[in-house]
>>> print(open('entry14.txt').read())   # compact mmCIF, C-alpha atoms and all ligand atoms
# COMPACT_ATOMS: atom_id res chain seq x y z
CA PRO A 5 6.57 23.86 -4.05
CA LEU A 6 5.22 22.43 -7.29
CA VAL A 7 6.27 18.77 -7.36
CA LEU A 8 5.86 16.12 -10.05
CA GLY A 9 5.65 12.52 -8.78
CA ILE A 10 6.26 9.37 -10.82
CA GLU A 11 5.14 5.86 -9.79
CA SER A 12 5.96 2.58 -11.60
CA SER A 13 6.61 -0.02 -8.88
CA CYS A 14 4.00 -2.53 -10.01
CA ASP A 15 1.29 -2.39 -12.68
CA GLU A 16 0.26 1.26 -12.35
CA THR A 17 2.02 4.01 -14.30
CA GLY A 18 1.25 7.12 -12.28
CA VAL A 19 2.10 10.79 -12.67
CA GLY A 20 0.82 13.17 -10.02
CA ILE A 21 1.39 16.87 -9.51
CA VAL A 22 0.95 18.66 -6.19
CA ARG A 23 1.53 22.18 -4.92
CA GLY A 24 2.55 21.71 -1.30
CA THR A 25 -0.38 19.74 0.13
CA ASP A 26 -2.75 20.66 -2.72
CA LEU A 27 -3.43 17.96 -5.28
CA LEU A 28 -3.44 19.30 -8.86
CA THR A 29 -3.68 16.02 -10.75
CA ASN A 30 -3.42 12.27 -10.24
CA THR A 31 -3.13 10.57 -13.63
CA VAL A 32 -2.88 6.78 -13.60
CA SER A 33 -2.70 4.13 -16.30
CA SER A 34 -2.81 0.46 -15.30
CA SER A 35 -1.69 -2.67 -17.15
CA MET A 36 -3.89 -4.88 -14.92
CA ASP A 37 -6.03 -5.97 -17.91
CA GLU A 38 -2.95 -7.57 -19.46
CA HIS A 39 -2.17 -9.58 -16.29
CA VAL A 40 -5.66 -10.91 -15.56
CA ARG A 41 -5.37 -14.01 -17.74
CA PHE A 42 -2.14 -14.99 -15.96
CA GLY A 43 -3.70 -14.64 -12.50
CA GLY A 44 -0.98 -12.27 -11.28
CA VAL A 45 1.22 -9.38 -12.37
CA ILE A 46 3.86 -10.52 -14.89
CA PRO A 47 6.94 -8.29 -14.32
CA GLU A 48 8.09 -8.29 -17.95
CA ILE A 49 4.66 -7.23 -19.20
CA ALA A 50 4.40 -4.56 -16.51
CA SER A 51 7.79 -3.07 -17.46
CA ARG A 52 6.89 -2.86 -21.15
CA ALA A 53 3.52 -1.34 -20.31
CA HIS A 54 5.25 1.40 -18.27
CA LEU A 55 7.40 2.23 -21.31
CA ASP A 56 4.30 2.61 -23.48
CA ALA A 57 2.29 4.52 -20.89
CA PHE A 58 4.81 6.90 -19.38
CA VAL A 59 4.95 9.73 -21.90
CA PRO A 60 1.16 9.87 -22.54
CA THR A 61 0.52 9.77 -18.76
CA LEU A 62 3.03 12.59 -18.18
CA GLN A 63 1.49 14.69 -20.95
CA ALA A 64 -2.01 14.14 -19.63
CA ALA A 65 -0.92 15.09 -16.11
CA LEU A 66 0.79 18.31 -17.22
CA ALA A 67 -2.25 19.25 -19.32
CA GLU A 68 -4.70 18.55 -16.52
CA ALA A 69 -2.69 20.50 -13.96
CA ASP A 70 -2.21 23.23 -16.58
CA VAL A 71 1.52 23.51 -15.86
CA THR A 72 4.69 22.98 -17.91
CA LEU A 73 7.87 21.13 -16.94
CA ASP A 74 9.46 24.58 -16.56
CA ASP A 75 7.04 25.44 -13.73
CA ILE A 76 7.96 22.32 -11.71
CA ASP A 77 10.23 22.87 -8.69
CA ALA A 78 11.21 19.24 -8.07
CA ILE A 79 10.67 15.72 -9.40
CA ALA A 80 10.01 12.71 -7.13
CA VAL A 81 10.07 9.09 -8.23
CA THR A 82 9.40 5.74 -6.54
CA SER A 83 12.77 4.01 -6.28
CA GLY A 84 11.55 1.03 -4.24
CA PRO A 85 10.27 -1.34 -3.03
CA GLY A 86 8.65 -2.98 -6.05
CA LEU A 87 9.35 -4.98 -9.20
CA ALA A 88 12.93 -4.25 -10.32
CA GLY A 89 12.20 -3.88 -14.04
CA ALA A 90 9.08 -1.82 -13.44
CA LEU A 91 10.89 0.53 -11.04
CA MET A 92 13.69 0.90 -13.58
CA VAL A 93 11.35 2.45 -16.17
CA GLY A 94 10.04 5.15 -13.83
CA VAL A 95 13.48 5.86 -12.41
CA CYS A 96 15.08 6.19 -15.87
CA ALA A 97 12.26 8.46 -17.03
CA ALA A 98 12.63 10.62 -13.92
CA LYS A 99 16.39 10.87 -14.35
CA ALA A 100 15.96 11.85 -17.99
CA LEU A 101 13.50 14.59 -17.00
CA ALA A 102 15.80 15.79 -14.21
CA VAL A 103 18.80 15.98 -16.55
CA ALA A 104 16.83 17.69 -19.31
CA THR A 105 15.24 20.28 -17.01
CA GLY A 106 17.93 20.67 -14.34
CA LYS A 107 15.31 20.14 -11.59
CA PRO A 108 16.21 18.40 -8.32
CA LEU A 109 15.24 14.71 -8.11
CA TYR A 110 14.07 12.76 -5.04
CA ALA A 111 14.23 8.92 -4.98
CA ILE A 112 11.28 7.99 -2.82
CA ASN A 113 10.12 5.00 -0.76
CA HIS A 114 6.82 3.72 -2.15
CA LEU A 115 5.49 2.59 1.24
CA VAL A 116 6.16 5.90 2.95
CA ALA A 117 4.50 7.57 -0.04
CA HIS A 118 1.35 5.51 0.72
CA VAL A 119 1.35 7.38 4.05
CA GLY A 120 2.41 10.74 2.59
CA VAL A 121 -0.71 10.81 0.46
CA GLY A 122 -2.69 11.31 3.67
CA LEU A 123 -1.12 14.75 3.95
CA LEU A 124 -3.06 15.83 0.87
CA ASP A 125 -6.15 15.38 2.97
CA ALA A 126 -7.88 18.51 4.25
CA ARG A 127 -7.11 17.36 7.79
CA ALA A 128 -3.40 17.13 7.01
CA GLU A 129 -2.47 19.64 9.72
CA ASN A 130 -3.77 17.20 12.33
CA LEU A 131 -1.63 14.40 10.97
CA LEU A 132 1.84 15.89 10.73
CA PRO A 133 2.89 16.83 14.23
CA GLU A 134 1.49 13.70 15.85
CA ASN A 135 3.12 10.42 16.59
CA LEU A 136 1.31 8.93 13.59
CA GLY A 137 0.61 5.23 13.11
CA ALA A 138 0.23 3.93 9.56
CA LEU A 139 -1.54 0.67 8.78
CA LEU A 140 -0.55 -0.29 5.23
CA VAL A 141 -2.44 -3.17 3.70
CA SER A 142 -1.75 -3.91 0.04
CA GLY A 143 -0.97 -6.61 -2.49
CA GLY A 144 2.69 -6.64 -1.49
CA HIS A 145 2.70 -5.42 2.11
CA THR A 146 0.93 -5.60 5.47
CA GLU A 147 2.65 -3.36 7.98
CA ILE A 148 2.08 -1.15 10.97
CA LEU A 149 4.48 1.79 11.04
CA ARG A 150 5.24 4.56 13.48
CA ILE A 151 5.90 7.85 11.71
CA ARG A 152 7.62 10.31 14.03
CA ARG A 153 8.54 12.55 11.13
CA ILE A 154 7.55 11.56 7.61
CA THR A 155 10.65 13.08 6.03
CA ASP A 156 13.21 11.00 7.94
CA ASP A 157 11.92 9.08 10.96
CA VAL A 158 9.87 5.98 10.14
CA GLU A 159 9.89 2.83 12.24
CA MET A 160 8.34 -0.56 11.51
CA LEU A 161 6.38 -1.86 14.51
CA GLY A 162 5.08 -5.02 12.87
CA SER A 163 4.56 -6.70 9.51
CA THR A 164 3.47 -9.92 7.85
CA ILE A 165 6.05 -12.69 8.08
CA ASP A 166 4.79 -14.39 4.89
CA ASP A 167 1.97 -13.38 2.52
CA ALA A 168 0.59 -9.85 2.35
CA ALA A 169 -3.14 -9.51 3.04
CA GLY A 170 -3.92 -8.59 -0.59
CA GLU A 171 -1.92 -11.59 -1.74
CA ALA A 172 -4.00 -13.81 0.58
CA TYR A 173 -7.19 -12.35 -0.94
CA ASP A 174 -5.87 -13.09 -4.43
CA LYS A 175 -4.81 -16.66 -3.56
CA VAL A 176 -8.06 -17.49 -1.77
CA ALA A 177 -10.07 -16.02 -4.65
CA ARG A 178 -8.22 -18.39 -6.95
CA ILE A 179 -9.03 -21.36 -4.67
CA LEU A 180 -12.69 -20.31 -4.71
CA GLY A 181 -12.64 -19.82 -8.50
CA LEU A 182 -13.40 -16.11 -8.31
CA GLY A 183 -10.75 -14.81 -10.73
CA TYR A 184 -8.07 -12.16 -10.39
CA PRO A 185 -7.62 -9.72 -8.69
CA GLY A 186 -9.50 -11.42 -5.92
CA GLY A 187 -9.95 -8.69 -3.33
CA PRO A 188 -12.95 -6.93 -4.83
CA ALA A 189 -14.63 -10.27 -5.72
CA ILE A 190 -14.31 -11.63 -2.17
CA ASP A 191 -15.41 -8.31 -0.70
CA ARG A 192 -18.60 -8.43 -2.80
CA LEU A 193 -19.38 -12.13 -2.26
CA ALA A 194 -18.71 -11.94 1.49
CA ARG A 195 -21.74 -9.65 1.88
CA GLU A 196 -23.98 -12.60 0.90
CA GLY A 197 -22.25 -15.08 3.21
CA ASN A 198 -22.32 -15.86 6.92
CA ALA A 199 -18.95 -14.97 8.43
CA LYS A 200 -19.70 -17.11 11.49
CA ALA A 201 -20.45 -20.28 9.48
CA ILE A 202 -16.78 -21.33 9.65
CA ARG A 203 -13.99 -20.22 11.96
CA PHE A 204 -10.63 -19.78 10.23
CA PRO A 205 -7.37 -19.35 12.19
CA ARG A 206 -5.94 -15.95 13.17
CA GLY A 207 -2.18 -16.30 12.59
CA LEU A 208 0.43 -15.52 15.30
CA THR A 209 -2.14 -14.90 18.03
CA GLN A 210 -1.06 -17.72 20.36
CA PRO A 211 0.50 -16.63 23.69
CA LYS A 212 3.96 -17.87 22.66
CA TYR A 213 3.94 -15.33 19.81
CA MET A 214 2.07 -12.55 21.60
CA GLY A 215 3.73 -12.56 25.04
CA THR A 216 2.50 -9.69 27.23
CA ALA A 217 2.77 -5.90 27.06
CA GLU A 218 5.66 -6.06 29.56
CA GLU A 219 7.35 -9.03 27.93
CA PRO A 220 6.34 -9.04 24.26
CA GLY A 221 6.61 -12.33 22.37
CA PRO A 222 8.53 -12.55 19.10
CA HIS A 223 5.52 -11.63 16.91
CA ARG A 224 3.27 -9.50 19.09
CA TYR A 225 2.54 -6.99 16.29
CA ASP A 226 3.18 -9.31 13.34
CA TRP A 227 0.81 -11.16 11.03
CA SER A 228 0.88 -14.41 9.07
CA PHE A 229 -1.63 -15.24 6.34
CA SER A 230 -0.21 -18.35 4.69
CA GLY A 231 -1.78 -20.74 7.25
CA LEU A 232 -5.13 -19.10 6.66
CA LYS A 233 -4.87 -19.67 2.91
CA THR A 234 -4.07 -23.36 3.56
CA ALA A 235 -7.03 -23.64 5.95
CA VAL A 236 -9.35 -22.33 3.24
CA ALA A 237 -7.96 -24.85 0.74
CA ARG A 238 -8.52 -27.72 3.25
CA CYS A 239 -12.03 -26.55 3.94
CA VAL A 240 -12.94 -26.54 0.24
CA GLU A 241 -11.38 -30.01 -0.16
CA GLN A 242 -13.48 -31.35 2.70
CA PHE A 243 -16.74 -30.16 1.20
CA GLU A 244 -15.74 -31.62 -2.16
CA ALA A 245 -14.65 -34.95 -0.62
CA GLN A 246 -18.06 -35.26 1.04
CA GLY A 247 -19.74 -34.53 -2.27
CA GLU A 248 -21.34 -31.38 -0.86
CA ALA A 249 -21.75 -28.04 -2.59
CA VAL A 250 -18.97 -25.67 -1.50
CA PRO A 251 -20.56 -22.72 0.40
CA VAL A 252 -18.42 -20.19 -1.43
CA ALA A 253 -20.07 -17.07 0.03
CA ASP A 254 -19.77 -18.36 3.62
CA ILE A 255 -16.10 -19.25 3.07
CA ALA A 256 -15.40 -15.83 1.54
CA ALA A 257 -17.09 -14.09 4.47
CA ALA A 258 -15.34 -16.23 7.10
CA PHE A 259 -11.96 -15.78 5.39
CA GLN A 260 -12.45 -12.02 5.18
CA GLU A 261 -13.47 -11.88 8.83
CA ALA A 262 -10.31 -13.77 9.85
CA VAL A 263 -8.07 -11.38 7.87
CA VAL A 264 -9.77 -8.20 8.99
CA ASP A 265 -10.14 -9.30 12.62
CA VAL A 266 -6.46 -10.10 13.08
CA ILE A 267 -5.23 -7.05 11.15
CA THR A 268 -7.32 -4.61 13.15
CA SER A 269 -6.86 -6.24 16.56
CA LYS A 270 -3.06 -6.29 16.27
CA ALA A 271 -2.85 -2.79 14.77
CA VAL A 272 -4.97 -1.31 17.55
CA LEU A 273 -2.98 -3.23 20.18
CA ALA A 274 0.28 -1.84 18.77
CA CYS A 275 -1.08 1.71 18.77
CA ARG A 276 -2.46 1.47 22.30
CA GLU A 277 0.78 0.09 23.69
CA GLN A 278 2.94 2.53 21.75
CA GLY A 279 0.93 5.62 22.66
CA ILE A 280 -0.23 6.26 19.10
CA THR A 281 -3.50 8.19 18.90
CA ASN A 282 -3.74 8.88 15.15
CA VAL A 283 -3.76 6.18 12.51
CA LEU A 284 -3.75 6.37 8.74
CA LEU A 285 -5.13 3.39 6.80
CA GLY A 286 -3.56 2.96 3.34
CA GLY A 287 -2.78 0.51 0.53
CA GLY A 288 -5.09 -1.15 -1.99
CA VAL A 289 -6.84 -3.38 0.55
CA ALA A 290 -8.02 -0.21 2.32
CA ALA A 291 -10.71 -0.37 -0.37
CA ASN A 292 -12.15 -3.36 1.51
CA SER A 293 -15.48 -2.43 3.06
CA ARG A 294 -15.19 -4.74 6.08
CA LEU A 295 -11.61 -3.63 6.83
CA ARG A 296 -12.71 0.00 6.82
CA GLN A 297 -15.71 -0.75 9.02
CA LEU A 298 -13.88 -2.79 11.66
CA THR A 299 -10.85 -0.47 11.72
CA GLU A 300 -13.21 2.45 12.35
CA GLN A 301 -15.06 0.59 15.11
CA ARG A 302 -11.97 -0.61 16.93
CA CYS A 303 -10.05 2.64 16.59
CA SER A 304 -12.97 4.62 17.91
CA ALA A 305 -13.39 2.19 20.85
CA ALA A 306 -9.68 2.66 21.64
CA GLY A 307 -9.84 6.46 21.37
CA ILE A 308 -7.73 6.49 18.18
CA THR A 309 -8.50 8.96 15.39
CA LEU A 310 -8.58 7.18 12.03
CA HIS A 311 -7.67 8.84 8.73
CA VAL A 312 -8.56 7.10 5.46
CA PRO A 313 -7.50 8.83 2.24
CA PRO A 314 -9.94 8.73 -0.69
CA LEU A 315 -9.85 5.35 -2.43
CA GLY A 316 -8.17 6.58 -5.62
CA LEU A 317 -5.26 7.73 -3.50
CA CYS A 318 -4.99 4.42 -1.54
CA THR A 319 -4.04 2.33 -4.58
CA ASP A 320 -0.72 2.97 -6.33
CA ASN A 321 -0.50 6.42 -7.93
CA GLY A 322 1.88 9.30 -8.70
CA ALA A 323 0.18 11.83 -6.44
CA MET A 324 1.39 10.01 -3.34
CA VAL A 325 4.96 10.20 -4.62
CA ALA A 326 4.57 13.91 -5.37
CA ALA A 327 2.99 14.47 -1.94
CA LEU A 328 5.94 12.91 -0.13
CA GLY A 329 8.36 14.73 -2.46
CA ALA A 330 6.77 18.05 -1.52
CA GLN A 331 7.22 17.23 2.18
CA LEU A 332 10.93 16.53 1.57
CA VAL A 333 11.37 19.80 -0.33
CA MET A 334 9.58 21.77 2.41
CA ALA A 335 11.72 20.10 5.11
CA GLY A 336 14.89 21.09 3.26
CA ILE A 337 15.99 17.47 2.69
CA GLU A 338 18.78 17.14 0.11
CA PRO A 339 17.73 15.75 -3.28
CA SER A 340 18.98 12.26 -4.21
CA GLY A 341 20.99 13.30 -7.28
CA ILE A 342 20.83 11.15 -10.42
CA SER A 343 23.26 8.33 -9.61
CA PHE A 344 20.99 6.24 -7.34
CA ALA A 345 19.71 2.84 -8.48
CA PRO A 346 16.18 1.55 -7.91
CA ASP A 347 16.04 -0.82 -4.94
CA SER A 348 13.35 -3.50 -5.16
CA SER A 349 13.64 -4.20 -1.43
CA MET A 350 14.16 -0.62 -0.18
CA PRO A 351 13.60 -0.72 3.62
CA VAL A 352 10.73 1.38 4.95
CA THR A 353 13.15 3.21 7.25
CA THR A 354 14.75 4.80 4.15
CA VAL A 355 12.27 7.54 3.24
CA SER A 356 14.34 8.84 0.31
CA ALA A 357 17.70 7.79 -1.13
CA PRO A 358 20.38 9.98 0.46
CA ALA A 359 22.25 12.57 -1.57
CA PRO A 360 25.58 11.27 -2.91
CA GLU A 361 28.73 12.03 -0.90
CA PRO A 362 30.37 15.22 -2.17
P1 LIG B 401 2.32 -2.72 -2.95
O1 LIG B 401 1.67 -1.39 -2.75
O2 LIG B 401 2.57 -3.41 -1.66
O3 LIG B 401 3.53 -2.64 -3.81
P2 LIG B 401 0.23 -3.52 -4.85
O4 LIG B 401 0.59 -2.39 -5.71
O5 LIG B 401 -0.02 -4.85 -5.49
O6 LIG B 401 1.28 -3.72 -3.69
P3 LIG B 401 -2.20 -2.16 -4.32
O7 LIG B 401 -2.33 -1.76 -5.76
O8 LIG B 401 -2.08 -1.10 -3.30
O9 LIG B 401 -1.05 -3.17 -4.04
O10 LIG B 401 -3.43 -3.12 -3.96
C1 LIG B 401 -3.78 -4.26 -4.74
C2 LIG B 401 -4.32 -5.35 -3.82
O11 LIG B 401 -5.50 -4.87 -3.16
C3 LIG B 401 -4.69 -6.62 -4.55
O12 LIG B 401 -4.14 -7.72 -3.85
C4 LIG B 401 -6.23 -6.64 -4.48
O13 LIG B 401 -6.78 -7.96 -4.43
C5 LIG B 401 -6.47 -5.90 -3.19
N1 LIG B 401 -7.80 -5.29 -3.11
C6 LIG B 401 -8.33 -4.34 -3.91
N2 LIG B 401 -9.61 -4.06 -3.57
C7 LIG B 401 -9.89 -4.86 -2.51
C8 LIG B 401 -11.05 -5.07 -1.68
N3 LIG B 401 -12.19 -4.39 -1.88
N4 LIG B 401 -10.94 -5.98 -0.68
C9 LIG B 401 -9.80 -6.65 -0.47
N5 LIG B 401 -8.71 -6.52 -1.22
C10 LIG B 401 -8.74 -5.64 -2.21
MG MG B 402 -1.33 -2.32 -8.07
FE FE B 403 1.51 0.24 -3.34
>>> encode(input="entry14.txt", output="structure tokens", more="lines below")
Ligand code: ATP
Ligand code: MG
Ligand code: FE
Amino acid sequence: PLVLGIESSCDETGVGIVRGTDLLTNTVSSSMDEHVRFGGVIPEIASRAHLDAFVPTLQAALAEADVTLDDIDAIAVTSGPGLAGALMVGVCAAKALAVATGKPLYAINHLVAHVGVGLLDARAENLLPENLGALLVSGGHTEILRIRRITDDVEMLGSTIDDAAGEAYDKVARILGLGYPGGPAIDRLAREGNAKAIRFPRGLTQPKYMGTAEEPGPHRYDWSFSGLKTAVARCVEQFEAQGEAVPVADIAAAFQEAVVDVITSKAVLACREQGITNVLLGGGVAANSRLRQLTEQRCSAAGITLHVPPLGLCTDNGAMVAALGAQLVMAGIEPSGISFAPDSSMPVTTVSAPAPEP
């Protein structure tokens, strides 16, 4: 099926078009430039930017894919989780298109779409039938999921209990004076630093949280990054109090090592114990060079096959929404209708909003 996907959960306005598992276009416009001076995404600005960007992005996508709205078989839109006002713009646009064209509409979970994008990969056949693990690391989420069937059977094995990893990168970058968004800056600077110069804490790794494989503790597969952020702040304060130059590169490297070490060790532990042999790495922080490297190393040591979608498909985009939409169409899942509301805290177990009761 030819499926049009619309994404507007945060600062990216995305329209993607796929035919089954073939990607035809992935057109994205971001309002990030407008948020930089505030040091974070401002919801009101993001919503207005979606309004401005939607129609041009849609037109560009249709032109690039060389298709018309008439050719489209179904429309898919992110209905959550995300910023309420931002979601509203994409959802209203999608409903308008669905009403105008009479095409079926699917209200899609953004996080599951981050996984669905992996099915556009050439190795997609290997991914679908397996008991797939998904490690999602982004600005808003850090989660390890078990995907038994991407269209309707998704389970959360573990997640962050406070900050997301990307959020921790952004906050630590601010502490170190590196600007926003902080992920890429820390990634770059960390290459010049010594990750072993300082040891930062790995959250929720104490025995009382971990327990054992037989008797798991309360947070065996969970993460926490807010203590790490505080530890970095203390460390900087100490250097300053002693009148010493702050070793910014070493701190960046040591912070990054703490994040990446605990993410990968817990994710691989969860997969080993849950019999998961295929893992997809997704979300914006999947762009991080050290996270990719260590995930590869540890997965390969544990006999787990790792799948990493191309970078442009790891950050928020419309193609991932279209990709998951196409899976729903092919599985014969009922469309969502046009009376659903966006849900800023849509649970990951809801892959698409159910069709209304007859
Ligand atoms: P969500 O998908 O959970 O709604 P989001 O849209 O904010 O959140 P993404 O766009 O997927 O998330 O990713 C943005 C985050 O990725 C930011 O926090 C940014 O700092 C981080 N990031 C981007 N590149 C890198 C990198 N090379 N290293 C670490 N972090 C990075
Ligand atoms: Mg984003
Ligand atoms: Fe996202």
>>> closest_residue(input="entry14.txt", among="A:Tyr184, A:Phe42, A:Phe259, A:Phe58", to="ligand LIG 401 (chain B)", atoms="only C-alpha atoms and all ligand atoms")
A:Tyr184
>>> residues_near_ligand(input="entry14.txt", ligand="ligand LIG 401 (chain B)", cutoff="9 Å", atoms="all atoms listed in the file", output="PyMOL selection string")
chain A and resi 13-16+45+84-87+114-115+118+140-146+168-175+177+184-192+260+286-295+318-321
>>> closest_residue(input="entry14.txt", among="A:Ala65, A:Ile148, A:Val116, A:Met160", to="ligand FE 403 (chain B)", atoms="all atoms listed in the file")
A:Val116
>>> residues_around(input="entry14.txt", residues="A:Arg238", least_positions_apart="5", cutoff="12 Å", atoms="only C-alpha atoms", output="count of residues only")
12
>>> residues_around(input="entry14.txt", residues="A:Ser163", least_positions_apart="4", cutoff="12 Å", atoms="all atoms listed in the file", output="PyMOL selection string")
chain A and resi 138-142+144-150+159+167-169+208+222-229+267+270-271+274+352
>>> closest_residue(input="entry14.txt", among="A:Gly44, A:Gly94, A:Gly279, A:Pro220", to="ligand MG 402 (chain B)", atoms="all atoms listed in the file")
A:Gly44
>>> closest_residue(input="entry14.txt", among="A:Leu315, A:Ala235, A:Ala117, A:Val19", to="ligand FE 403 (chain B)", atoms="only C-alpha atoms and all ligand atoms")
A:Ala117
>>> residues_around(input="entry14.txt", residues="A:Ile46", least_positions_apart="2", cutoff="12 Å", atoms="all atoms listed in the file", output="PyMOL selection string")
chain A and resi 14-15+35-44+48-53+87-90
>>> closest_residue(input="entry14.txt", among="A:Ala64, A:Ala257, A:Val32, A:Leu109", to="ligand MG 402 (chain B)", atoms="all atoms listed in the file")
A:Val32
>>> atom_distance(input="entry14.txt", atom1="atom CA of A:Lys107", atom2="atom MG of ligand MG 402 (chain B)")
28.2 Å
>>> residues_around(input="entry14.txt", residues="A:Val272", least_positions_apart="3", cutoff="9 Å", atoms="all atoms listed in the file", output="VMD selection string")
chain A and resid 267 to 269 275 to 277 299 302 to 303 306 308
>>> closest_residue(input="entry14.txt", among="A:Met324, A:Gly9, A:Gly215, A:Gln63", to="ligand FE 403 (chain B)", atoms="only C-alpha atoms and all ligand atoms")
A:Met324
